[in-house]
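Quick notes on the structure that follows.
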Amino acid sequence: MSALSVVSRRRFLQLTGLAASGLVLGAVAPRNLALAGILDEAQGSQLNLFVSVATDGTVEIIAHRSEMGTGIRTSLPQVVADEMEADWQRVKVIQAHADARYGSQNTDGSRSVRDFYQVMRQMGAAARTLLEQAAAAVWEVPVEECTAREHAVHHSGGKSLGFGELAAKAADQPLPELETLRLKDPADFRYIGKDVPIVDLQDMTTGNTTYGIDVHVPGMLYASIERTPWLQGRIASYDSSAALEVSGVLDVVELKAVDGAPGFNPIEGVAVIATNNYSALKGRAALKVRWRKSDHSSHNADAYLDQLVARVEGGAGEVRRQRGDVDSALANAATLLEATYRTPYLAHASMEPPVATARVTDEGCEIWACTQTPQATQQAVADTLELDPSAVTVHVTLLGGGFGRKSKPDFSVEAARLASHVGKPVQVVWSREDDIRHDYFHSCSAQHFKAALDEAGTVTAWLGREASPPIAATFDTSVRRNGAGGLSQSFASVPFAVPNLRMESHEAPAHVRIGWLRAVYNVPFAFGVGSFVDELAHAAGRDPAEFWLQLIGEDRLLDFSAEGFEYSNYGRSLAEYPFATARTKGVIRELVASIPWGEELPEGQGWGLSVANSFLSDVAVASKVEVRDGRLRVLELHGVIDAGRVINPDRVHAQMEGGMIFGLSLALNGEITFDGGEAQQSNFHDYPIARMDQVPGVIRSHIIKSDAAPTGVGEPPTPPTAPAIANAVFAATGKRIRELPLGKHFNV
Amino acid sequence: MKLTINGKQTEIDAEPDMPLLWALRDLLGLRGTKYGCGKGLCGACTVHLDGQPRRSCQLTVADAAKGKVTTIEGLSADGSHPLQQAWREFNVPQCGYCQSGQLMSASALLANNSSPSDEEINSAMAGNLCRCGTYPRIRTAIKSTFTDAAAIAQAVTREDTV
C-alpha cells in the first residue's frame, strides 16, 4: 500500500503559509513514536513532510521539527535532497506550522533523525521517481532509461531536463508504491554523512534571524506577568494603581489558574500590558500582590532531599528489577561497599526565555512561538479559547535554546488568553527571573547503592535504591514515584553482567512542577551509577576503564523482561533497536585509546571517565582535572559517541561539544533550591551556567563510524560528563564527592 | 531623543531611563540585539558605544545618546566582518541566540588587541554566556583571524571519525 499521496497546492498553502507550484507530495509518518517516560501528547499519524519543486527549479523542503540548535532544520532536509538528487544550493527550507498530519512534531527525546531518517529518504526517493517518470513521459522512453542526477533527469541517450522544467508534469505522475521505491546506495550519498553548514548560518551571524522574542505583529502589545512564587499559589489580593500610572502601561489583567494538576496550564499571576517591554517591566515592579499559601508553600529543597536520602538509606523500596539473590550475595561479600548520592533541582535557562505572541480574531487565533511542540501548543490554545484546533495557527520560530523547557506550551496559553482579553495582539515575554523561578524544574534525586565484591574484585551483587520526584506528577498529582520510563534512564537499565541485582524506588511526592531537561533522568542516574562504579573499581584496586568493561561483561543483547522490569527502550522495540553491550564497550575502548589514559600526572591532577547508554546511543566521556588550593579546573574533556549512521558529522560534533559543556555546567554550577516554596535563584549570578573561562582548552569529540540505524545525539553527550568530572576529582585528590554541584566543595 | 545608531541619526520618543536594549528592539525594530538577563550578566545584548562593548540592558538611552552606537546590524553591511566570516567557516552557532552578543564582544576585543592571548580571549568573552556550549568554536574562530592555518587546525575540536 502506498504511503504517499499528492497534496493539493491549496493544502500546501494552508500548511506552510507559502504558495507552492508544481510538485507537492507527502508521506505517512511512523506511528506511535511516543517516548515512554517522557509524556508525549502526540501519537503519530498522517502526513509529516512535504517537498515541492517550483517551475524555476527551486526545491522547497519542509522542516516539521523545531530548530533549537541541533541543526535539525538542515539535517532532515539534507536527507531528502540527497535521495531526490536535488542540488543543495537550490533547496529552500520552509518551517512547518503545527499540523497533526505531520505525525509528532514534538522535538524532544533526541529522536528527530531516528524517527524520520527513513521517511525522509522515502520522501526524496519518491520525488526523484516522479521526476524520472515525468521525463520518461516527455521523451516517450522507458523510465528505466531516465536517471535523476544533480537537479536534472538525464536520458541514457544524452538528453536532459531540469527539475524545474519537469515540475508540472511530475505532479501528474502516478505515485510510486512505497515498496517499490529504490533508495540510493549509501556509497552514492551526496549530502548524507557530509558537513553541510546549517541553513541559518548567514542570518545567525548578521542578527537577521527571527526567534520567538523577535516576532513583531502590527499593533502588538507587550505583557510581563507577576506569578505566584509557589506551586498552586493563588492571588489573595493585588493593587494595580501604581502600575497603571507608569507611562506606557495600558492594562493590568488577572490570569487565574485552572484547578488541578499543573500540566501545561499557566501559573496564576497578574499581567501588566504595555506598549513596550520596559513599561511592562516597570509597571510590574509597581504592582503589589499578596499570594495565598498552598500545600507547597513550605517546600524546602535541602530538607526534602534529606528526607529522600533517609528513605533510600532507610530500607527497601518497591522492587523494579530483580535478578538472583542480592541479599545473600551482599551478606557473603568479601568487600561490601555502599554510598549515597544526591543531585539537585536544575533549571533549563535557555538563552532565549519563553516568549509567545498571540493574535485573536473572529476567525480564530494565530500564535508565534519558540516552541518545541507546535501541536501541543495548538491544542492547549484551542482548549483555553474554546476553539477547534483547526482555528489555531501556530507559527514556529527559531528557538534560542529549548532543552525541554519549550516543550511546554504554557507561555503560548498565557499570550492567547491576554490577547483575547485585550482584543489586540500580545507578546508575553518571560524575564530571566520568571524563567528561573517558575521553570518546569529538572528532578532532584537521592540514590543509594550497595555492592558486593568477591576476593578477586568482581562484583557479585548490585543494589540500587532511588527516590526522585516524577515528571508524571506534573500531569497527575496522585503519582508519587518514578515510573518505568524514568528508571529506564540509566538506573534500572544498567548493562551489568552481575549475577545478583536489584533496583528499587521510593516515593518522592512533587512539590514543584517537574519537567524534562536535556537527557532527563539520565543526568542524575548516570551520575550515581557512574560514580559508584568508579568507587567499586578503586575498592577493587582496578583500572576503572577495565573495571567498566568487565562489569558490562560479554557481548550480548540485553533483555530485561525476565527480571520484572518494563524497560522503555525510549519507545522503540528491542528487536528494532537492540541494547548491545558491544556498542557500550566500544565507546569505552575507543575513548581510552584516544587519550593518554593511565599517564603519570603531577600531584593535584587526575583523569576520570564514565559511560552511559541513553536515547539508544552510547557515549563515553573522559575528563582531566586539576585541583589546587581548593580550586577545581577541568583541563580536558573527551567524548566518544556511537549513534549509528550520522547525517551531518559537524552537527554531531557540535552536539558532543555542547552536550559535554552542558554536563560540565551542571556538574560545576547547577543547583536550584527552594525555601518557603520559592525558588531561591533568579538570574545568572546565583544560577550560573558555564562561562568560557570554565570551559577546558581541550575538548575532543569522536564519532564511531557505523551503518546502523541512526539514534539520539542531542542528549546522550550530557549524562556521562558529570560523573567523569567527579571521578577525575577523586583521582586527583582522593576526595569522593557524592553530590552535585561540585561547586559546593571547590572553587570553580 | 536623538541617537546615532550604525552611522545613522535617529529620533525616538522614550523616557530617558529606558535601557537601550528595549529602545533598539521595541522602538526601532533592530532585533538582532537580544535580551538574555536584563542585569548585565549574560552579554546577549552587547553593542558598541564609541567602539567599546556595552551591555545595552544596562545602558540608558540618555547615556547612549552621548556616543555612537553600533549593533550587530551595523557590524558590517553584508556580514563580511572577518569575525562573521570566521563564525561561518567554523560553524560556530548552534541555536544562534547569543551569537550577536558574542560577535560584538569579540569584535571589540580584536579592535583593541589584534592578537589576544588565550587568557585575554577568556577574560574578554567570559561575560558572554552560551547555553549551547559553542565556546570552543568561538575561541577557534577568534584565533583564526590572527593565527596561521596549522595553529587553527590544532585548535579545531573535532577528531576524524574512527
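Please note that chains go A, B, ... in the order of the C-alpha cells, that every chain numbers its residues from 1, and that ligands are numbered from 1 in the order shown.
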
Original post:
Within 10 Å of region 396-403 of chain A, counting only C-alpha atoms, which residues qualify if same-chain residues fewer than 5 places away don't, as a PyMOL selection string?
Top reply: (chain A and resi 64-70+73+95-98+107-109+200+209-215+347-356+367-374+516-520+714-715) or (chain B and resi 34+36+94-98+130-132)

**OP:** Pull out every residue of chain A that has at least one atom within 8 Å of chain B, counting only C-alpha atoms, and report them as a VMD selection string.
**Re:** chain A and resid 67 to 71 197 to 198 201 to 202 204 to 209 211 214 276 to 278 349 to 353 398 to 401 431 to 433 653 to 654 657 to 659 661 to 662 683 to 685 689 to 693 695 697 to 705

**OP:** Find the spatial neighbours of region 735-744 of chain A, counting only C-alpha atoms, within a cut-off of 7 Å - ignore same-chain residues fewer than 4 positions away - and output them as a ChimeraX atom specification.
**Re:** /A:340-344,666-671,726,729-730,748

Subject >> Pairwise distance for CA of Ala415 (chain A) and CA of Glu386 (chain A), rounded to one decimal in Å >> reply: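 Interatomic distance, CA of Ala415 (chain A) to CA of Glu386 (chain A): 14.8 Å.
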
**OP:** To one decimal in Å, tell me the separation between CA of Thr46 (chain B) and CA of Ala111 (chain B).
**Re:**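 Between these atoms lies a distance of 15.0 Å.
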